[in-house]
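Enquirer: The structure under discussion is supplied below as structure tokens; questions concerning it will follow.
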Amino acid sequence: MGESKVLFESEESTVFVDALLPLPIPRYFTYRVPRQWANEVEAGLRIVVPFGSTKVLTAVIVRVHHQPPKQYQAKYLLEILDESPLVTASQIALFQWVANYYMCYPGEVFQVALPAGLKISSQSKVQIHPEFQLLNELTEKEAIIFQAIQEKGSLSYDEVARVAEVKSPYHHIKAMVGKGAILIFDELKDRYTPKVQRRIRLTQAYANKEAITALIGALESKTKQISILLHYLQFIPVLRDAETNQRGLEKSSFGQAGLSESALQTLTKHGIFESFEIVVSRFGSDSDDFIPANFDLNAAQEKAYQSILAQFQEKDTVLLHGITGSGKTEIYIRLIQEALANGDQVLYLLPEIALTTQIVARLKKIFGEQVGIYHSKFSDNERVEVWKSIVEGKYPFVVGVRSSVFLPFSRLGLIIVDEEHESSFKQVDPAPRYHARDVAMVLAGQQKAKVLLGSATPSIESYYQAKQGKYGLVTLMERFGKATLPEMNLIDTKYATKMKQMKGGFSVDLVTMLEENFQKGKQSLLFQNRRGYSPYIQCQDCDWIAECNQCDVSLTYHAKDQELRCHYCGYREGLLRRCGACGGTNLKTMGYGTEKLEEELQLLIPDARIGRMDLDTTRSKTAFNSLLAEIQSGNIDILVGTQMVAKGLDFEGLSTVAIFDADRIINFPDFRAHERAFQLITQVAGRAGRRDEQGQVFIQTNQPSHRLFQFIESGDYAALYADEIIEREGYNYPPFVRLIKLTLRHMESIQVEKAAYELGAMLKAKYGHGRILGPERPLIERIRNQFVMEILIKLEKGVSLAQFKVDLRLLLDELPSKPVFKGVQVIPDVDCL
């Protein structure tokens, strides 16, 4: 890409474009350009193209040339959607890098990167733009289409073609979108509803000095009406500048000032004021709330800040290892301010945007309209708004989740990856299975930007790179202000059970501590990383357990909805009354989910106000913010939550944290189990005592002598790292090797097993037994009615990863031709978690 518009000497020259399609195909596809558009096509423009016999897709031009394809007859592109490129050269280069590195196709990256609102497809529909009124601007055909959409509510592209009696409707649709007459939406998603603001303004007859002066005299005895007029003139200086009347005043302003609604209606009825609506950005303007960032860094923060700047002189990536509550965010803000002052763009990556509301709110107050927010809870049209605003330069600073690395940046100067250890930066399904932290480094390399990784509990891989000198390393080991790290307390549940000191799943000591904290008027947090009421229901007569009919997992009981759910495929069924095996009625809920803990705590501490924060209680766009507001206002005394409570939350009144079941986290069968247990428990514990008073942390465990608790109690990450790195090196795990996991799926267990052993034998013969582990059945052997087998490939240092992946891709591409692999899906996952 990077080519300017191509001008051709001869009108007879046939122009072709190579296009990137949002499909899992290995190559770009070539299309013929109609002669009237020959001088308009350039790399980065979106185009509408046919594919196959029925599909219509949005593609992006990668290259403009004169060479027709040799293997097929090039079809004509149907429409050019942009006047100037919306996709940059560096973006397409990044898509290709991600595809090569993570062993997928560029089209799969493109499909994830581009918001659905920028992609027209066979499933797209059109609706009337609610603000459009200029019907006289429409052509005859457009008016027919407009009327048909009005009557039906929405139309598909095929329906538009039939109504307009044309073969291809794309030209008309593009023109109507350009005039603001219609909106495109995906029928699989919600329609776009613009955010509308109702405003009030003087009618044209009264929008001048003479008329207003006369009006004030006429309304002199009508105090309520004159108050309305004076309030309007206070904010809209019509007497000084008549043009200001056009923008009007927000209607809610009158109510907020305590003015009479009926008086405003009377003035409107008499033609003095008129009401109108405008469409406003959903991201709003925080200019009314704007505050300067005039805080001072303390001595430790200033030292860390200067060290980061110094190390950026030599290193492209710096790891900031700062304990919880040390004030890393203030350092981020200073670095962002400096980058923006230099005219650079900044990307601030967060693991889950909805869980970092407090940080986003603060950034909006400091940076105002400079900051754009990009995440999956926004509608397609909202994400399109952010994308286009970045292209136009409106948002030099973007806060977003992992997919933000694919936005159209052109002058990035700084990328901050906060909580860089978080596993949610890694895309698991579908392809591309990328890690946003690693892609961010490639993006930074493209644009000569710097990367700051921040965490209280860095990933072993990142810390290793810092210790080896590849990254810079800056530490911040004291909490901000007068806050101190919380005191850790282990509760031996094995001993408590033996001494009959358990109340359900709670030790008497833990209940006592929570009760005392409640009596002091302080807030507590109870952490259990399992949602629902109970992990499974078991028959007490024959030990039968209710399982999902599509996955090899138990169904989780959700008491509020009186149903059993599979947390893997979403299958649901009503609450069982009889055992599925013996028919008995002696069924019992087993284990503890957040819902059950909430219920039991209410019985144990009846006067406490208990809230719950998990996926079930925060599904909607506003639920999380509402729950946060309840906690911050002191309306919740004890919060029960899953791992989402560990991420970026700062509660002033929270003094006590309890980890309900630490053993389940520590004993998970994964080589990263101890690293993740340390990270999760430390992050959750870090929510306690972030002000003047020292917090308390209580950890329930059957094995208090486990060495991991020594590291957690002392907050000694360096000791954990030293312990882990020896084991990783001894057993050949990252960072000493690279991992590629091959997952095989099929509806038949025997078929997937045969294919897995065949592929395993082929790989071992080619690369040696030491590099290939498996095939093995994973913990969950069947998901969504597909049986699963896994093969793990370990590549030691010195092996060319790029060449290995090329060879492996060739091997995998040959598999479908072998009978044993018929219908078997083989999915590579590079740098698997």
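FYI, nothing fancy with the structure tokens labels: chains A, B, ... in order, residues from 1 per chain, ligands from 1 as they appear.
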Could you make a table, as a tab-separated table, of the residues of segment 251-346 of chain A that have an atom within 10 Å of an atom of segment 390-403 of chain A, each with its nearest atom pair and distance in Å to one decimal, counting only C-alpha atoms, in chain and number order?
Expert:
residue	atom	partner	partner_atom	distance
A:Ile336	CA	A:Phe397	CA	8.2
A:Gln337	CA	A:Phe397	CA	9.8
A:Ala339	CA	A:Phe397	CA	9.5
A:Leu340	CA	A:Pro396	CA	7.2
A:Gly343	CA	A:Pro396	CA	8.3
A:Asp344	CA	A:Pro396	CA	7.2
A:Gln345	CA	A:Pro396	CA	4.6
A:Val346	CA	A:Phe397	CA	4.7
Enquirer: Between A:Ser53, A:Asp552, A:Ile145, A:Ser534, which is the closest to Glu781 of chain A once you count only C-alpha atoms?
Expert: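 Ranking A:Ser53, A:Asp552, A:Ile145, A:Ser534 by distance to Glu781 of chain A, first place goes to A:Asp552.
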Enquirer: Under the rule that only C-alpha atoms are counted, which of A:Ile605, A:Leu20, A:Val451, A:Val177 is the nearest residue to Val126 of chain A?
Expert: A:Val177
Enquirer: Any idea what's packed within 6 Å of Thr594 of chain A, counting only C-alpha atoms, ignoring anything in its chain fewer than 2 positions away? Could you give it as a ChimeraX atom specification?
Expert: /A:531-532,596-597
Enquirer: I need the residue nearest Tyr721 of chain A from this list: A:Asp637, A:Glu652, A:Glu461, A:Asp807. Use only C-alpha atoms for the distance.
Expert: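 Selected residue with least distance to Tyr721 of chain A: A:Glu461.
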Enquirer: Could you name the residues that touch segment 492-495 of chain A at 12 Å or less, counting only C-alpha atoms, but leaving out those on the same chain fewer than 5 positions away, as JSON, numbers by chain?
Expert: {"A": [500, 501, 502, 503, 504, 505, 506, 507, 508, 509, 510, 660, 661, 662, 663, 698, 699, 700, 701, 702, 703, 704, 705, 706]}
Enquirer: For Leu773 of chain A, please output as a ChimeraX atom specification all residues within 10 Å (counting only C-alpha atoms; exclusion window: fewer than 4 positions along the same chain).
Expert: /A:741,760,763-764,769,790-794
Enquirer: I'd like to know which residues of segment 331-523 of chain A are strand (DSSP E) (by DSSP, run on the backbone); could you write them as number ranges by chain?
Expert: A: 345-349, 371-374, 397-400, 412-418, 450-455, 472-476, 487-492, 502-503, 506-507, 523
Enquirer: Output C-alpha atoms for every residue in the selection just made, as a compact mmCIF listing (two decimals), in the first residue's frame.
Expert:
# COMPACT_ATOMS: atom_id res chain seq x y z
CA GLN A 345 -1.02 9.89 19.36
CA VAL A 346 -1.36 7.73 22.47
CA LEU A 347 -2.98 4.32 22.91
CA TYR A 348 -3.82 3.23 26.46
CA LEU A 349 -4.71 -0.47 26.54
CA VAL A 371 -9.80 11.05 24.49
CA GLY A 372 -11.78 8.45 22.55
CA ILE A 373 -12.97 5.16 24.04
CA TYR A 374 -13.17 1.95 22.03
CA PHE A 397 -5.64 9.74 22.70
CA VAL A 398 -7.52 6.42 22.67
CA VAL A 399 -8.40 4.23 25.65
CA GLY A 400 -9.45 0.75 24.61
CA LEU A 412 1.66 6.93 17.50
CA GLY A 413 4.23 8.08 20.02
CA LEU A 414 3.30 6.05 23.10
CA ILE A 415 1.43 2.83 23.93
CA ILE A 416 0.63 2.01 27.56
CA VAL A 417 -0.39 -1.57 28.35
CA ASP A 418 -1.86 -1.45 31.85
CA LYS A 450 7.53 3.63 22.82
CA VAL A 451 5.72 0.98 24.89
CA LEU A 452 5.21 1.10 28.66
CA LEU A 453 4.05 -2.14 30.30
CA GLY A 454 2.56 -1.64 33.76
CA SER A 455 1.67 -4.16 36.45
CA GLY A 472 13.86 -1.44 30.55
CA LEU A 473 12.78 -2.07 34.17
CA VAL A 474 11.46 0.51 36.62
CA THR A 475 10.15 -0.40 40.09
CA LEU A 476 7.78 1.48 42.38
CA GLU A 487 -1.85 -7.29 56.45
CA MET A 488 -2.22 -10.90 55.27
CA ASN A 489 -3.91 -13.54 57.45
CA LEU A 490 -4.24 -17.25 56.57
CA ILE A 491 -7.24 -19.20 57.86
CA ASP A 492 -6.70 -22.98 58.03
CA MET A 502 -17.17 -23.85 60.03
CA LYS A 503 -20.52 -22.29 59.16
CA PHE A 506 -17.20 -19.92 56.07
CA SER A 507 -14.85 -20.32 59.01
CA GLN A 523 -16.73 -2.11 53.64
Enquirer: Counting only C-alpha atoms, figure out which residue out of A:Arg199, A:Arg782, A:Arg530, A:Arg687 gets nearest to Ile665 of chain A.
Expert: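 Between A:Arg199, A:Arg782, A:Arg530, A:Arg687, the residue approaching Ile665 of chain A most closely is A:Arg530.
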Enquirer: Restricting the calculation to only C-alpha atoms: of A:Leu134, A:Met747, A:Ile610, A:Ile80, which residue gets closest to Ile173 of chain A?
Expert: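 Checking each candidate against Ile173 of chain A, we get A:Ile80 as the closest.
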Enquirer: Write out as a ChimeraX atom specification which residues come within 9 Å of Thr457 of chain A when counting only C-alpha atoms, dropping same-chain ones fewer than 2 positions away.
Expert: /A:321-324,419-421,454-455,459-460,675,678-680,682-683,717
Enquirer: May I have the selected residues written with N, CA, C and O atoms, as a PDB file, in the first residue's frame?
Expert:
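Here's the written file out.pdb:
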ATOM      1  N   HIS A 321       7.115  -1.952  37.154  1.00  0.00           N
ATOM      2  CA  HIS A 321       6.638  -2.878  38.182  1.00  0.00           C
ATOM      3  C   HIS A 321       6.326  -2.056  39.431  1.00  0.00           C
ATOM      4  O   HIS A 321       7.209  -1.706  40.202  1.00  0.00           O
ATOM      5  N   GLY A 322       5.057  -1.730  39.598  1.00  0.00           N
ATOM      6  CA  GLY A 322       4.641  -0.916  40.739  1.00  0.00           C
ATOM      7  C   GLY A 322       3.576  -1.638  41.538  1.00  0.00           C
ATOM      8  O   GLY A 322       2.578  -2.091  40.977  1.00  0.00           O
ATOM      9  N   ILE A 323       3.754  -1.759  42.837  1.00  0.00           N
ATOM     10  CA  ILE A 323       2.806  -2.502  43.672  1.00  0.00           C
ATOM     11  C   ILE A 323       1.425  -1.846  43.628  1.00  0.00           C
ATOM     12  O   ILE A 323       1.291  -0.689  43.226  1.00  0.00           O
ATOM     13  N   THR A 324       0.399  -2.584  44.035  1.00  0.00           N
ATOM     14  CA  THR A 324      -0.969  -2.053  44.026  1.00  0.00           C
ATOM     15  C   THR A 324      -1.047  -0.797  44.893  1.00  0.00           C
ATOM     16  O   THR A 324      -0.525  -0.761  46.007  1.00  0.00           O
ATOM     17  N   GLU A 419      -1.863  -3.335  33.394  1.00  0.00           N
ATOM     18  CA  GLU A 419      -2.127  -4.713  33.830  1.00  0.00           C
ATOM     19  C   GLU A 419      -1.691  -5.683  32.732  1.00  0.00           C
ATOM     20  O   GLU A 419      -2.447  -6.550  32.298  1.00  0.00           O
ATOM     21  N   GLU A 420      -0.437  -5.541  32.297  1.00  0.00           N
ATOM     22  CA  GLU A 420       0.038  -6.278  31.125  1.00  0.00           C
ATOM     23  C   GLU A 420      -0.001  -7.790  31.312  1.00  0.00           C
ATOM     24  O   GLU A 420       0.031  -8.548  30.334  1.00  0.00           O
ATOM     25  N   HIS A 421      -0.084  -8.250  32.560  1.00  0.00           N
ATOM     26  CA  HIS A 421      -0.098  -9.689  32.836  1.00  0.00           C
ATOM     27  C   HIS A 421      -1.452 -10.324  32.548  1.00  0.00           C
ATOM     28  O   HIS A 421      -1.564 -11.554  32.514  1.00  0.00           O
ATOM     29  N   GLY A 454       2.740  -1.922  32.337  1.00  0.00           N
ATOM     30  CA  GLY A 454       2.564  -1.642  33.759  1.00  0.00           C
ATOM     31  C   GLY A 454       1.860  -2.769  34.472  1.00  0.00           C
ATOM     32  O   GLY A 454       0.905  -3.336  33.946  1.00  0.00           O
ATOM     33  N   SER A 455       2.333  -3.128  35.663  1.00  0.00           N
ATOM     34  CA  SER A 455       1.671  -4.164  36.448  1.00  0.00           C
ATOM     35  C   SER A 455       2.256  -4.222  37.851  1.00  0.00           C
ATOM     36  O   SER A 455       3.441  -3.961  38.061  1.00  0.00           O
ATOM     37  N   SER A 459       3.826 -10.463  34.189  1.00  0.00           N
ATOM     38  CA  SER A 459       3.923 -11.835  33.690  1.00  0.00           C
ATOM     39  C   SER A 459       5.380 -12.274  33.792  1.00  0.00           C
ATOM     40  O   SER A 459       6.298 -11.456  33.687  1.00  0.00           O
ATOM     41  N   ILE A 460       5.595 -13.566  34.003  1.00  0.00           N
ATOM     42  CA  ILE A 460       6.952 -14.092  34.101  1.00  0.00           C
ATOM     43  C   ILE A 460       7.732 -13.786  32.830  1.00  0.00           C
ATOM     44  O   ILE A 460       8.916 -13.421  32.872  1.00  0.00           O
ATOM     45  N   GLU A 675       1.846 -18.729  39.167  1.00  0.00           N
ATOM     46  CA  GLU A 675       1.977 -17.337  38.721  1.00  0.00           C
ATOM     47  C   GLU A 675       0.625 -16.638  38.754  1.00  0.00           C
ATOM     48  O   GLU A 675       0.491 -15.530  39.293  1.00  0.00           O
ATOM     49  N   PHE A 678      -0.769 -16.109  42.349  1.00  0.00           N
ATOM     50  CA  PHE A 678      -0.091 -14.968  42.985  1.00  0.00           C
ATOM     51  C   PHE A 678      -0.664 -13.656  42.445  1.00  0.00           C
ATOM     52  O   PHE A 678      -0.979 -12.735  43.210  1.00  0.00           O
ATOM     53  N   GLN A 679      -0.805 -13.568  41.112  1.00  0.00           N
ATOM     54  CA  GLN A 679      -1.326 -12.341  40.499  1.00  0.00           C
ATOM     55  C   GLN A 679      -2.738 -12.035  40.967  1.00  0.00           C
ATOM     56  O   GLN A 679      -3.043 -10.919  41.394  1.00  0.00           O
ATOM     57  N   LEU A 680      -3.599 -13.042  40.929  1.00  0.00           N
ATOM     58  CA  LEU A 680      -5.012 -12.829  41.243  1.00  0.00           C
ATOM     59  C   LEU A 680      -5.213 -12.470  42.706  1.00  0.00           C
ATOM     60  O   LEU A 680      -5.896 -11.490  43.034  1.00  0.00           O
ATOM     61  N   THR A 682      -2.963 -11.333  44.865  1.00  0.00           N
ATOM     62  CA  THR A 682      -2.307 -10.060  45.167  1.00  0.00           C
ATOM     63  C   THR A 682      -3.132  -8.885  44.657  1.00  0.00           C
ATOM     64  O   THR A 682      -3.282  -7.868  45.341  1.00  0.00           O
ATOM     65  N   GLN A 683      -3.695  -9.017  43.434  1.00  0.00           N
ATOM     66  CA  GLN A 683      -4.499  -7.934  42.869  1.00  0.00           C
ATOM     67  C   GLN A 683      -5.783  -7.719  43.668  1.00  0.00           C
ATOM     68  O   GLN A 683      -6.176  -6.580  43.928  1.00  0.00           O
ATOM     69  N   TYR A 717       7.349 -10.493  44.917  1.00  0.00           N
ATOM     70  CA  TYR A 717       7.266 -10.968  43.534  1.00  0.00           C
ATOM     71  C   TYR A 717       8.607 -11.524  43.070  1.00  0.00           C
ATOM     72  O   TYR A 717       8.657 -12.521  42.332  1.00  0.00           O
TER      73      TYR A 717
END
Enquirer: Of the candidates A:Gln256, A:Thr244, A:Thr266, A:Tyr76, which one gets nearest to Lys224 of chain A if we count only C-alpha atoms?
Expert: A:Thr266
